[in-house]
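See below for upload12.pdb, which holds PDB, C-alpha atoms and all ligand atoms.
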MODEL        1
ATOM      1  CA  MET J   1     209.836 128.318 -33.864
ATOM      2  CA  TRP J   2     211.968 125.942 -35.941
ATOM      3  CA  ARG J   3     212.940 127.212 -39.392
ATOM      4  CA  SER J   4     214.876 125.202 -41.868
ATOM      5  CA  ASN J   5     218.168 126.636 -43.034
ATOM      6  CA  PRO J   6     217.531 127.799 -46.641
ATOM      7  CA  LEU J   7     221.205 127.263 -47.522
ATOM      8  CA  LEU J   8     220.850 123.550 -46.866
ATOM      9  CA  HIS J   9     218.232 123.365 -49.606
ATOM     10  CA  GLU J  10     220.240 125.192 -52.228
ATOM     11  CA  LYS J  11     220.460 122.426 -54.771
ATOM     12  CA  SER J  12     222.442 124.387 -57.327
ATOM     13  CA  SER J  13     225.424 124.843 -55.051
ATOM     14  CA  PRO J  14     227.942 122.012 -54.610
ATOM     15  CA  ASN J  15     229.278 123.718 -51.491
ATOM     16  CA  VAL J  16     226.137 123.663 -49.390
ATOM     17  CA  TRP J  17     227.963 122.179 -46.428
ATOM     18  CA  PHE J  18     230.581 124.932 -46.432
ATOM     19  CA  MET J  19     228.014 127.716 -46.993
ATOM     20  CA  SER J  20     225.947 126.507 -44.093
ATOM     21  CA  LYS J  21     228.986 127.014 -41.924
ATOM     22  CA  SER J  22     228.708 130.780 -42.501
ATOM     23  CA  LEU J  23     225.910 130.670 -39.975
ATOM     24  CA  LEU J  24     228.198 129.127 -37.367
ATOM     25  CA  PRO J  25     230.033 131.088 -34.682
ATOM     26  CA  LEU J  26     233.786 131.632 -35.201
ATOM     27  CA  PRO J  27     235.069 128.895 -32.829
ATOM     28  CA  ALA J  28     232.858 126.365 -34.597
ATOM     29  CA  LYS J  29     234.195 127.490 -38.002
ATOM     30  CA  LYS J  30     237.753 127.012 -36.764
ATOM     31  CA  PHE J  31     236.790 123.604 -35.452
ATOM     32  CA  PHE J  32     235.418 122.516 -38.850
ATOM     33  CA  ASN J  33     238.488 123.870 -40.659
ATOM     34  CA  ASN J  34     240.727 121.975 -38.279
ATOM     35  CA  MET J  35     238.593 118.875 -38.780
ATOM     36  CA  LYS J  36     239.394 119.010 -42.497
ATOM     37  CA  HIS J  37     243.108 119.144 -41.732
ATOM     38  CA  ILE J  38     242.873 116.419 -39.120
ATOM     39  CA  ALA J  39     240.919 114.163 -41.491
ATOM     40  CA  PHE J  40     243.504 114.740 -44.225
ATOM     41  CA  ILE J  41     246.407 113.982 -41.880
ATOM     42  CA  PHE J  42     244.611 110.897 -40.548
ATOM     43  CA  ILE J  43     243.995 109.521 -44.059
ATOM     44  CA  LEU J  44     247.602 110.223 -45.040
ATOM     45  CA  PHE J  45     248.823 108.525 -41.846
ATOM     46  CA  PHE J  46     246.536 105.519 -42.381
ATOM     47  CA  PHE J  47     247.715 104.948 -45.948
ATOM     48  CA  SER J  48     251.354 105.463 -44.988
ATOM     49  CA  ILE J  49     251.130 102.884 -42.192
ATOM     50  CA  THR J  50     249.287 100.398 -44.425
ATOM     51  CA  TYR J  51     251.923 100.862 -47.125
ATOM     52  CA  LEU J  52     254.797 100.427 -44.667
ATOM     53  CA  VAL J  53     253.262  97.307 -43.121
ATOM     54  CA  ALA J  54     252.651  95.823 -46.578
ATOM     55  CA  GLN J  55     256.247  96.614 -47.522
ATOM     56  CA  ALA J  56     257.546  95.043 -44.317
ATOM     57  CA  LEU J  57     255.782  91.736 -44.991
ATOM     58  CA  PRO J  58     257.879  89.392 -47.107
ATOM     59  CA  PRO J  59     255.929  88.511 -50.253
ATOM     60  CA  LEU J  60     255.513  84.907 -51.296
ATOM     61  CA  THR J  61     256.947  83.940 -54.659
ATOM     62  CA  VAL J  62     254.944  81.169 -56.309
ATOM     63  CA  ASN J  63     256.343  79.250 -59.259
ATOM     64  CA  ILE J  64     253.967  77.144 -61.302
ATOM     65  CA  ASP J  65     254.916  74.039 -63.260
ATOM     66  CA  CYS J  66     252.001  72.720 -65.342
ATOM     67  CA  SER J  67     254.210  71.136 -68.003
ATOM     68  CA  GLU J  68     252.817  67.640 -67.296
ATOM     69  CA  ALA J  69     249.214  68.842 -67.096
ATOM     70  CA  PRO J  70     248.716  72.061 -69.126
ATOM     71  CA  GLU J  71     244.948  71.938 -68.484
ATOM     72  CA  THR J  72     245.628  72.965 -64.855
ATOM     73  CA  GLN J  73     247.241  76.330 -65.725
ATOM     74  CA  GLU J  74     244.232  78.550 -64.990
ATOM     75  CA  TRP J  75     243.415  76.757 -61.738
ATOM     76  CA  ALA J  76     247.075  76.977 -60.731
ATOM     77  CA  GLU J  77     247.204  80.740 -61.295
ATOM     78  CA  ASN J  78     244.114  81.271 -59.160
ATOM     79  CA  ALA J  79     245.471  79.022 -56.401
ATOM     80  CA  ALA J  80     248.768  80.940 -56.513
ATOM     81  CA  LEU J  81     246.869  84.181 -55.880
ATOM     82  CA  VAL J  82     245.091  82.644 -52.871
ATOM     83  CA  ALA J  83     248.409  81.367 -51.507
ATOM     84  CA  LYS J  84     249.974  84.834 -51.849
ATOM     85  CA  GLN J  85     246.992  86.470 -50.143
ATOM     86  CA  GLN J  86     246.958  84.010 -47.252
ATOM     87  CA  TYR J  87     250.720  83.911 -46.740
ATOM     88  CA  PRO J  88     251.031  86.933 -44.376
ATOM     89  CA  PHE J  89     248.048  85.750 -42.304
ATOM     90  CA  LEU J  90     249.447  82.234 -41.962
ATOM     91  CA  ILE J  91     252.833  83.624 -40.957
ATOM     92  CA  ALA J  92     251.121  85.798 -38.363
ATOM     93  CA  ALA J  93     249.301  82.721 -37.020
ATOM     94  CA  LEU J  94     252.559  80.767 -36.666
ATOM     95  CA  ASP J  95     254.853  83.651 -35.796
ATOM     96  CA  GLU J  96     257.188  83.177 -32.864
ATOM     97  CA  GLU J  97     260.490  84.818 -32.036
ATOM     98  CA  GLY J  98     263.191  83.796 -34.477
ATOM     99  CA  TYR J  99     260.727  82.448 -37.050
ATOM    100  CA  GLN J 100     261.997  82.916 -40.594
ATOM    101  CA  PRO J 101     259.444  81.343 -42.897
ATOM    102  CA  SER J 102     260.141  80.287 -46.444
ATOM    103  CA  ASP J 103     259.229  83.002 -48.939
ATOM    104  CA  SER J 104     258.785  80.870 -52.040
ATOM    105  CA  MET J 105     257.043  77.738 -53.195
ATOM    106  CA  THR J 106     256.643  75.811 -56.409
ATOM    107  CA  MET J 107     253.373  74.164 -57.409
ATOM    108  CA  VAL J 108     253.826  71.162 -59.679
ATOM    109  CA  PHE J 109     250.843  69.486 -61.333
ATOM    110  CA  LYS J 110     251.119  65.811 -62.171
ATOM    111  CA  HIS J 111     248.989  62.866 -63.157
ATOM    112  CA  MET J 112     249.191  60.790 -59.991
ATOM    113  CA  GLU J 113     247.017  58.861 -57.542
ATOM    114  CA  GLU J 114     247.898  60.892 -54.422
ATOM    115  CA  ILE J 115     245.917  64.111 -53.983
ATOM    116  CA  ALA J 116     248.833  66.344 -52.978
ATOM    117  CA  TYR J 117     251.978  66.495 -50.894
ATOM    118  CA  ALA J 118     254.561  69.057 -49.889
ATOM    119  CA  SER J 119     258.296  68.457 -49.982
ATOM    120  CA  ASN J 120     261.326  70.771 -50.057
ATOM    121  CA  GLY J 121     259.378  73.912 -50.927
ATOM    122  CA  ARG J 122     257.354  72.129 -53.606
ATOM    123  CA  ILE J 123     253.689  71.264 -53.586
ATOM    124  CA  VAL J 124     252.891  68.427 -55.948
ATOM    125  CA  ILE J 125     249.200  68.266 -56.877
ATOM    126  CA  SER J 126     247.115  65.703 -58.731
ATOM    127  CA  ALA J 127     245.736  67.135 -61.976
ATOM    128  CA  GLU J 128     242.860  64.635 -61.837
ATOM    129  CA  TRP J 129     241.902  65.725 -58.316
ATOM    130  CA  ILE J 130     241.570  69.402 -59.126
ATOM    131  CA  THR J 131     239.675  68.599 -62.330
ATOM    132  CA  LYS J 132     237.129  66.700 -60.211
ATOM    133  CA  HIS J 133     237.289  69.124 -57.245
ATOM    134  CA  PRO J 134     237.988  72.592 -58.674
ATOM    135  CA  ASP J 135     236.838  74.261 -55.423
ATOM    136  CA  ASP J 136     239.498  72.566 -53.309
ATOM    137  CA  VAL J 137     241.870  75.556 -53.116
ATOM    138  CA  GLY J 138     242.026  74.951 -49.344
ATOM    139  CA  MET J 139     244.181  71.918 -50.128
ATOM    140  CA  VAL J 140     246.870  74.308 -51.447
ATOM    141  CA  VAL J 141     246.627  76.329 -48.229
ATOM    142  CA  HIS J 142     247.073  73.082 -46.242
ATOM    143  CA  GLU J 143     250.197  72.203 -48.222
ATOM    144  CA  LEU J 144     251.534  75.776 -47.989
ATOM    145  CA  ILE J 145     251.258  75.451 -44.192
ATOM    146  CA  HIS J 146     253.533  72.385 -44.375
ATOM    147  CA  ILE J 147     256.088  74.507 -46.238
ATOM    148  CA  LEU J 148     255.811  77.156 -43.507
ATOM    149  CA  GLN J 149     256.067  74.514 -40.745
ATOM    150  CA  ALA J 150     259.366  73.285 -42.228
ATOM    151  CA  TYR J 151     259.972  70.876 -39.337
ATOM    152  CA  ARG J 152     263.483  69.445 -39.462
ATOM    153  CA  HIS J 153     263.044  67.281 -36.372
ATOM    154  CA  HIS J 154     260.735  64.370 -35.723
ATOM    155  CA  VAL J 155     257.205  65.487 -34.958
ATOM    156  CA  PRO J 156     254.303  63.008 -34.781
ATOM    157  CA  GLY J 157     252.297  63.099 -38.009
ATOM    158  CA  TRP J 158     249.029  63.743 -36.169
ATOM    159  CA  VAL J 159     250.483  66.956 -34.679
ATOM    160  CA  THR J 160     251.843  68.198 -38.025
ATOM    161  CA  GLU J 161     248.578  67.435 -39.841
ATOM    162  CA  GLY J 162     246.447  68.673 -36.940
ATOM    163  CA  ILE J 163     248.111  72.100 -37.048
ATOM    164  CA  ALA J 164     247.762  72.247 -40.858
ATOM    165  CA  ASP J 165     244.061  71.339 -40.803
ATOM    166  CA  TYR J 166     243.364  73.620 -37.812
ATOM    167  CA  LEU J 167     244.797  76.566 -39.762
ATOM    168  CA  ARG J 168     243.078  75.510 -42.968
ATOM    169  CA  PHE J 169     239.564  74.949 -41.622
ATOM    170  CA  PHE J 170     239.337  77.192 -38.557
ATOM    171  CA  PHE J 171     241.612  80.032 -39.659
ATOM    172  CA  TYR J 172     241.432  80.200 -43.478
ATOM    173  CA  GLU J 173     238.129  78.557 -44.480
ATOM    174  CA  ARG J 174     236.415  79.391 -41.175
ATOM    175  CA  ASN J 175     234.015  76.499 -41.568
ATOM    176  CA  GLY J 176     235.637  74.027 -39.156
ATOM    177  CA  GLU J 177     232.469  73.636 -37.068
ATOM    178  CA  ARG J 178     230.742  72.184 -40.117
ATOM    179  CA  THR J 179     233.603  70.443 -41.936
ATOM    180  CA  CYS J 180     235.539  68.976 -39.000
ATOM    181  CA  ARG J 181     232.849  66.825 -37.394
ATOM    182  CA  VAL J 182     234.221  64.482 -34.729
ATOM    183  CA  ASN J 183     232.498  61.277 -33.603
ATOM    184  CA  PRO J 184     232.837  61.364 -29.789
ATOM    185  CA  GLU J 185     232.315  57.586 -29.543
ATOM    186  CA  LYS J 186     235.072  56.568 -31.952
ATOM    187  CA  ALA J 187     237.549  59.400 -32.421
ATOM    188  CA  LYS J 188     241.077  59.619 -30.985
ATOM    189  CA  TYR J 189     243.280  62.716 -30.856
ATOM    190  CA  THR J 190     245.857  60.818 -32.931
ATOM    191  CA  ASP J 191     243.326  60.455 -35.772
ATOM    192  CA  SER J 192     245.113  63.439 -37.308
ATOM    193  CA  TYR J 193     243.832  65.943 -39.911
ATOM    194  CA  ARG J 194     240.340  67.341 -39.209
ATOM    195  CA  THR J 195     239.831  65.469 -35.928
ATOM    196  CA  THR J 196     243.071  66.733 -34.407
ATOM    197  CA  GLY J 197     242.389  70.145 -36.005
ATOM    198  CA  ALA J 198     239.034  70.347 -34.202
ATOM    199  CA  PHE J 199     240.720  69.253 -30.944
ATOM    200  CA  PHE J 200     243.345  71.995 -31.325
ATOM    201  CA  ASP J 201     240.607  74.536 -32.048
ATOM    202  CA  TRP J 202     238.911  73.595 -28.757
ATOM    203  CA  ILE J 203     242.228  74.002 -26.899
ATOM    204  CA  VAL J 204     242.763  77.431 -28.516
ATOM    205  CA  ARG J 205     239.232  78.564 -27.637
ATOM    206  CA  THR J 206     239.033  77.234 -24.103
ATOM    207  CA  LYS J 207     242.560  76.801 -22.694
ATOM    208  CA  ASP J 208     245.355  78.665 -24.441
ATOM    209  CA  ALA J 209     244.888  81.213 -27.243
ATOM    210  CA  GLY J 210     248.618  81.005 -28.076
ATOM    211  CA  PHE J 211     248.627  77.198 -28.226
ATOM    212  CA  ILE J 212     249.246  76.836 -31.982
ATOM    213  CA  LYS J 213     252.100  79.342 -32.056
ATOM    214  CA  ARG J 214     253.787  77.728 -29.076
ATOM    215  CA  LEU J 215     253.249  74.174 -30.302
ATOM    216  CA  ASN J 216     254.528  75.078 -33.769
ATOM    217  CA  ALA J 217     257.631  76.757 -32.326
ATOM    218  CA  ALA J 218     258.389  73.677 -30.185
ATOM    219  CA  CYS J 219     257.975  71.406 -33.228
ATOM    220  CA  ARG J 220     260.257  73.639 -35.270
ATOM    221  CA  ASN J 221     262.911  73.682 -32.557
ATOM    222  CA  GLY J 222     262.881  69.904 -32.043
ATOM    223  CA  LYS J 223     261.272  70.188 -28.594
ATOM    224  CA  TYR J 224     257.960  68.469 -29.191
ATOM    225  CA  SER J 225     256.707  66.077 -26.538
ATOM    226  CA  ASN J 226     253.240  65.233 -25.214
ATOM    227  CA  ASP J 227     254.281  66.984 -21.961
ATOM    228  CA  LEU J 228     253.892  70.316 -23.783
ATOM    229  CA  PHE J 229     250.106  70.026 -23.487
ATOM    230  CA  ARG J 230     250.400  70.083 -19.681
ATOM    231  CA  GLU J 231     253.010  72.836 -19.805
ATOM    232  CA  TYR J 232     250.765  75.079 -21.925
ATOM    233  CA  THR J 233     247.362  74.291 -20.430
ATOM    234  CA  GLY J 234     247.905  72.633 -17.028
ATOM    235  CA  MET J 235     246.242  69.457 -18.337
ATOM    236  CA  THR J 236     247.661  66.328 -19.970
ATOM    237  CA  VAL J 237     246.754  65.588 -23.569
ATOM    238  CA  ASP J 238     244.450  62.768 -22.374
ATOM    239  CA  GLU J 239     242.686  65.081 -19.905
ATOM    240  CA  LEU J 240     242.269  67.693 -22.622
ATOM    241  CA  TRP J 241     240.879  65.110 -25.048
ATOM    242  CA  ALA J 242     238.387  63.943 -22.397
ATOM    243  CA  GLY J 243     237.302  67.567 -21.919
ATOM    244  CA  PHE J 244     236.911  68.034 -25.679
ATOM    245  CA  ILE J 245     234.817  64.851 -26.011
ATOM    246  CA  ASP J 246     232.663  65.989 -23.065
ATOM    247  CA  SER J 247     232.039  69.306 -24.799
ATOM    248  CA  LEU J 248     230.944  67.467 -27.974
ATOM    249  CA  LYS J 249     228.585  65.204 -26.024
ATOM    250  CA  GLN J 250     227.070  68.175 -24.204
ATOM    251  CA  ARG J 251     226.438  69.863 -27.540
ATOM    252  CA  GLN J 252     224.615  66.744 -28.753
ATOM    253  CA  MET J 253     222.317  66.647 -25.700
TER     254      MET J 253
HETATM  255 ZN    ZN J 301     249.177  67.472 -44.724
ENDMDL
END

Starting from the file, lay out its structure as structure tokens.
Amino acid sequence: MWRSNPLLHEKSSPNVWFMSKSLLPLPAKKFFNNMKHIAFIFILFFFSITYLVAQALPPLTVNIDCSEAPETQEWAENAALVAKQQYPFLIAALDEEGYQPSDSMTMVFKHMEEIAYASNGRIVISAEWITKHPDDVGMVVHELIHILQAYRHHVPGWVTEGIADYLRFFFYERNGERTCRVNPEKAKYTDSYRTTGAFFDWIVRTKDAGFIKRLNAACRNGKYSNDLFREYTGMTVDELWAGFIDSLKQRQM
């Protein structure tokens, strides 16, 4: 006959779990005591490793210059926090042997027609744009990626922007399927930005998971050429594009 353990119903005692163990045989008691020690050691180990990893990651220093547009200060501080949070993940996404990314950036807010651009560790942002589009923090992530790319050799613009938008929409915002719609009848892989970003996402998913890291390293080292697509995937860039367009058309059917 099953009888409930009265000790388990002793509401007044905060140590019900431990008292119930008095009914256990000795080896089981030892096991539970050891479990407490193991759990403690595991938690200590986990926090130590997390702390060490966090310490090992270089932090990003963000300077903010809102002197020309003081109304952007609050937005700038929030965007700086996002940039700092995303920095280690973006580095991890671009990391290749010998990669020493920049560890600082300056955000400057100006009244200008352009939305934003990155140059020499600075991101210059239109005050009007962020007033009209306060949710567009992803734009700062896009420009931060340009600072991390730091290409000193010629790289086609569509490749540079394709990598930045791939990381922004498929890696940071994780909404590329919705935001990077490609028209299979009209698009070209050199269309840049979201179109090239979506093309790169397809290559990463279907051909070469390390494609972005390898492509970025080649761009950084002055070794970019269209032949890299065949080297990494076994297919030319035109064959890959045809495969990508086919996949879009099949999805529409
Ligand atoms: Zn860009």

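You will find atom CA of J:Ala127 at 15.0 Å from atom CA of J:Thr106.
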
Next on the checklist: Just want the residues within 7 Å of ligand ZN 301 (chain J), written as a PyMOL selection string, counting all atoms listed in the file.
Outcome noted: chain J and resi 117+142-143+146+161+164

Residues as selected, C-alpha atoms, written as a PDB file, keeping the file's coordinate frame, can you do that?
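The file below, selection23.pdb, is the result:
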ATOM      1  CA  TYR J 117     251.978  66.495 -50.894  1.00  0.00           C
ATOM      2  CA  HIS J 142     247.073  73.082 -46.242  1.00  0.00           C
ATOM      3  CA  GLU J 143     250.197  72.203 -48.222  1.00  0.00           C
ATOM      4  CA  HIS J 146     253.533  72.385 -44.375  1.00  0.00           C
ATOM      5  CA  GLU J 161     248.578  67.435 -39.841  1.00  0.00           C
ATOM      6  CA  ALA J 164     247.762  72.247 -40.858  1.00  0.00           C
TER       7      ALA J 164
END

Checklist entry - Smallest atom-to-atom distance to J:Gln73: which of J:Asn226, J:Thr160, J:Thr131, J:Thr195, using only C-alpha atoms? => result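 Checking each candidate against J:Gln73, we get J:Thr131 as the closest.
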
Please write as a PDB file with C-alpha atoms, in the frame of the given file the list of polymer residues whose atoms come within 9 Å of (261.1, 87.7, -47.3), counting all atoms listed in the file and keeping to the coordinates of the file.
ATOM      1  CA  ALA J  56     257.546  95.043 -44.317  1.00  0.00           C
ATOM      2  CA  LEU J  57     255.782  91.736 -44.991  1.00  0.00           C
ATOM      3  CA  PRO J  58     257.879  89.392 -47.107  1.00  0.00           C
ATOM      4  CA  PRO J  59     255.929  88.511 -50.253  1.00  0.00           C
ATOM      5  CA  LEU J  60     255.513  84.907 -51.296  1.00  0.00           C
ATOM      6  CA  GLN J 100     261.997  82.916 -40.594  1.00  0.00           C
ATOM      7  CA  PRO J 101     259.444  81.343 -42.897  1.00  0.00           C
ATOM      8  CA  SER J 102     260.141  80.287 -46.444  1.00  0.00           C
ATOM      9  CA  ASP J 103     259.229  83.002 -48.939  1.00  0.00           C
ATOM     10  CA  SER J 104     258.785  80.870 -52.040  1.00  0.00           C
TER      11      SER J 104
END

Item to check | Between atom CA of J:Val159 and atom CA of J:Glu97 - distance in Å to one decimal | outcome: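 Computed distance, atom CA of J:Glu97 to atom CA of J:Val159, equals 20.6 Å.
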
Next on the checklist: Could you check the closest approach to J:Ala92 for each of J:Ala69, J:Val137, J:Ile145, J:Val155 and tell me which residue wins, using all atoms listed in the file?
Outcome noted: J:Ile145

Next on the checklist: Taking the file as I've supplied it (selection: the PyMOL selection byres (((chain J and resi 66) around 9) and not hetatm)), which residues are included? Please answer as a PyMOL selection string.
Outcome noted: chain J and resi 64-65+67-73+76+107-110

Can you write out the residues you just picked, keeping C-alpha atoms, as a JSON list (two decimals), in the coordinates of the input?
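Just written: again01.json:
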[["chain", "number", "residue", "atom", "x", "y", "z"],
["J", 64, "ILE", "CA", 253.97, 77.14, -61.30],
["J", 65, "ASP", "CA", 254.92, 74.04, -63.26],
["J", 67, "SER", "CA", 254.21, 71.14, -68.00],
["J", 68, "GLU", "CA", 252.82, 67.64, -67.30],
["J", 69, "ALA", "CA", 249.21, 68.84, -67.10],
["J", 70, "PRO", "CA", 248.72, 72.06, -69.13],
["J", 71, "GLU", "CA", 244.95, 71.94, -68.48],
["J", 72, "THR", "CA", 245.63, 72.96, -64.86],
["J", 73, "GLN", "CA", 247.24, 76.33, -65.72],
["J", 76, "ALA", "CA", 247.08, 76.98, -60.73],
["J", 107, "MET", "CA", 253.37, 74.16, -57.41],
["J", 108, "VAL", "CA", 253.83, 71.16, -59.68],
["J", 109, "PHE", "CA", 250.84, 69.49, -61.33],
["J", 110, "LYS", "CA", 251.12, 65.81, -62.17]]

Checklist entry - Leaving out J:Glu173 and any residue of its chain fewer than 5 positions from it, which residues lie within 12 Å of it when counting only C-alpha atoms, given as a ChimeraX atom specification? => result /J:82,86,135-142,165-168,178-180

Next on the checklist: So, with only C-alpha atoms as the atoms that count, which of J:Ile212, J:Gly243, J:Glu114, J:Phe199 lies closest to J:Leu228?
Outcome noted: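 Closest to J:Leu228, using only C-alpha atoms: J:Ile212.
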
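Residues matched by the PyMOL selection byres (((chain J and resi 125) around 6) and not hetatm) in this structure: Phe109, Ala116, Val124 and Ser126 of chain J.
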
At most 12 Å is the cut-off: for each residue in stretch 53-135 of chain J with any atom that close to an atom of stretch 169-172 of chain J, write down the nearest atom pair and the distance in Å rounded to one decimal, counting only C-alpha atoms, chain first then increasing number, as a tab-separated table.
residue	atom	partner	partner_atom	distance
J:Val82	CA	J:Tyr172	CA	10.4
J:Ala83	CA	J:Tyr172	CA	10.7
J:Gln85	CA	J:Tyr172	CA	10.7
J:Gln86	CA	J:Tyr172	CA	7.7
J:Tyr87	CA	J:Tyr172	CA	10.5
J:Pro88	CA	J:Tyr172	CA	11.8
J:Phe89	CA	J:Tyr172	CA	8.7
J:Leu90	CA	J:Tyr172	CA	8.4
J:Ile91	CA	J:Phe171	CA	11.9
J:Ala92	CA	J:Phe171	CA	11.2
J:Ala93	CA	J:Phe171	CA	8.6
J:Leu94	CA	J:Phe171	CA	11.4

Next on the checklist: For this structure, which residues satisfy the selection - the PyMOL selection byres (((chain J and resi 220) around 12) and not hetatm) - when it is evaluated on the file as given? I want them as a PyMOL selection string.
Outcome noted: chain J and resi 94-101+146-155+159-160+212-219+221-224

Checklist entry - How many Å lie between atom CA of J:Tyr193 and atom CA of J:Trp129, rounded to one decimal? => result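 Atom CA of J:Tyr193 sits 18.5 Å away from atom CA of J:Trp129.
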
Item to check | Exercise: J:Arg181 partners within 12 Å, all atoms listed in the file, chain neighbours under 2 positions left out, as a list in words | outcome: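 That gives Phe169, Asn175, Gly176, Glu177, Arg178, Thr179, Asn183, Pro184, Lys186, Ala187, Tyr193, Arg194, Thr195, Thr196, Gly197, Ala198, Phe199, Ile245, Leu248 and Gln252 of chain J.
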